[in-house]
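So the structure is just underneath, and the comments pick up after that.
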Amino acid sequence: MVRLSRTETQERNRAKVLSAARDEFAGRGFREAKIDVIAERAELTRGAVYSNFPGKRALYFAVLADLAERAPRYATPPPDPSAADVLAAFARAWVAHLPLATDADSGDARLGRDLLPEILADEHTRRPFAQLMRVDAILLGLALERTRPGKRLVRVAEAALTTLHGASQLAAAAPGFGEPFHIVAACTALLDLDLDDDWPAVPPITSQPRPADEPWTPPTVTDLLTGEPFRPGDGVVTILGLHRAAAFEEAVRTGADVTAVLVTSDPGELAPLARLAVADLRGCLDQAIAPPARPLLRLVCDTTGELAAAAGVTAVSDATETAVRVEGGRIVARAEGFGACHAAAVGPGPGRSSGG
């Protein structure tokens, strides 16, 4: 018999807990699920469950994130879609997962039914979730903008996600209510609205960038938008706590090549929530627009803090807001606080002035 290493044993036990928890949550729902039963299903102790996950809610988020990330990915969008094509395909992919009247008591319906109530029950989860929804809107908006250059479409994306999330909640409460094709039509009609979506040339609050000359030795990490490993190179790297997660748009709007790194003081519970929010969006986006037509953006959930440390951020919290600019494999500028993402993208560095 091959003896497993400690790391391999931990990974195996974690996978066993996730599988057992998925069955328990699907069978009984989050509220009625029991950690003791999950441990028994996994053939582990209660302590082994808690050694992998800090609590039942963290385990619930991790189960949903794991399922969303492992869902089949379909890359069959048309080669040159219009903004209406992208938004319609995105909405169709979304409503395809809404429960029907005959699905009300299915395991899949029970599995996700308690997600929003659990998020809403606690400010600890509610505030990061609000930022994560803004992240989703930015990602969808940027994808739409690739088909309609010169116009910011994040507010259209916000309105579409509001419509679709509302449809999801109503479908959970009243399965079968509403016509999916009407929901898709309502989303695409948002493109014809004038939502006054202008981006300021300079953010209202901008921190002061500082020149730097530091080594850049980042670890290999996983891009949440593609699921592929990569090692961040030249460009702007933003280190953002989940209370400031959407601030990476400041760097994106400068035209920089951006790696947005999400960090949190509670990686056990909030990191799975971040992974879930992005994976759900990615699953629909995959069916709407091909990756080459998406923005030059990578998104990372840095649960260990290793990538943040490579950028010089050794202590993280949900309020962290730091950005660095990397050129020639070295950090040449950095900024902290509100406006840091914009400041690092355009501020001082080799061959640059504070005006960009």
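Naming scheme: A, B, ... for chains in displayed order of the structure tokens; residues 1 onward per chain; ligands 1 onward as shown.
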Closest pair table for stretch 53-165 of chain A residues within 7 Å of stretch 255-269 of chain A, only C-alpha atoms, as a tab-separated table:
residue	atom	partner	partner_atom	distance
A:Phe53	CA	A:Gly268	CA	6.4
A:Pro54	CA	A:Gly268	CA	6.2
A:Ala58	CA	A:Glu269	CA	4.3
Task: Residues near A:Met133, cut-off 8 Å, only C-alpha atoms, skip fewer than 4 positions along chain, as a PyMOL selection string - done: chain A and resi 129+137+277
TODO: Excluding A:Leu132 and residues on its chain fewer than 3 positions from it, collect all residues at most 8 Å away from it, counting only C-alpha atoms, and give them as a VMD selection string.
DONE: chain A and resid 128 to 129 135 to 136 242 245 to 246 274 277 to 278
Task: Selected residue, from A:Leu281, A:Ile138, A:Leu59, A:Ala212, that lies nearest to A:Leu164 when counting only C-alpha atoms - done: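 Going through A:Leu281, A:Ile138, A:Leu59, A:Ala212 one by one, the smallest distance to A:Leu164 is for A:Leu281.
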Task: Selection near A:Ile119, 10 Å with only C-alpha atoms, sequence-local residues under 4 positions removed, as a PyMOL selection string - done: chain A and resi 57+61+114-115+123-130+273
TODO: Compare A:Arg152, A:Glu8, A:Ala42, A:Arg31 by their minimum atom-to-atom distance to A:Asp196, counting only C-alpha atoms, and give me the closest one.
DONE: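 Of A:Arg152, A:Glu8, A:Ala42, A:Arg31, the one nearest A:Asp196 is A:Arg152, counting only C-alpha atoms.
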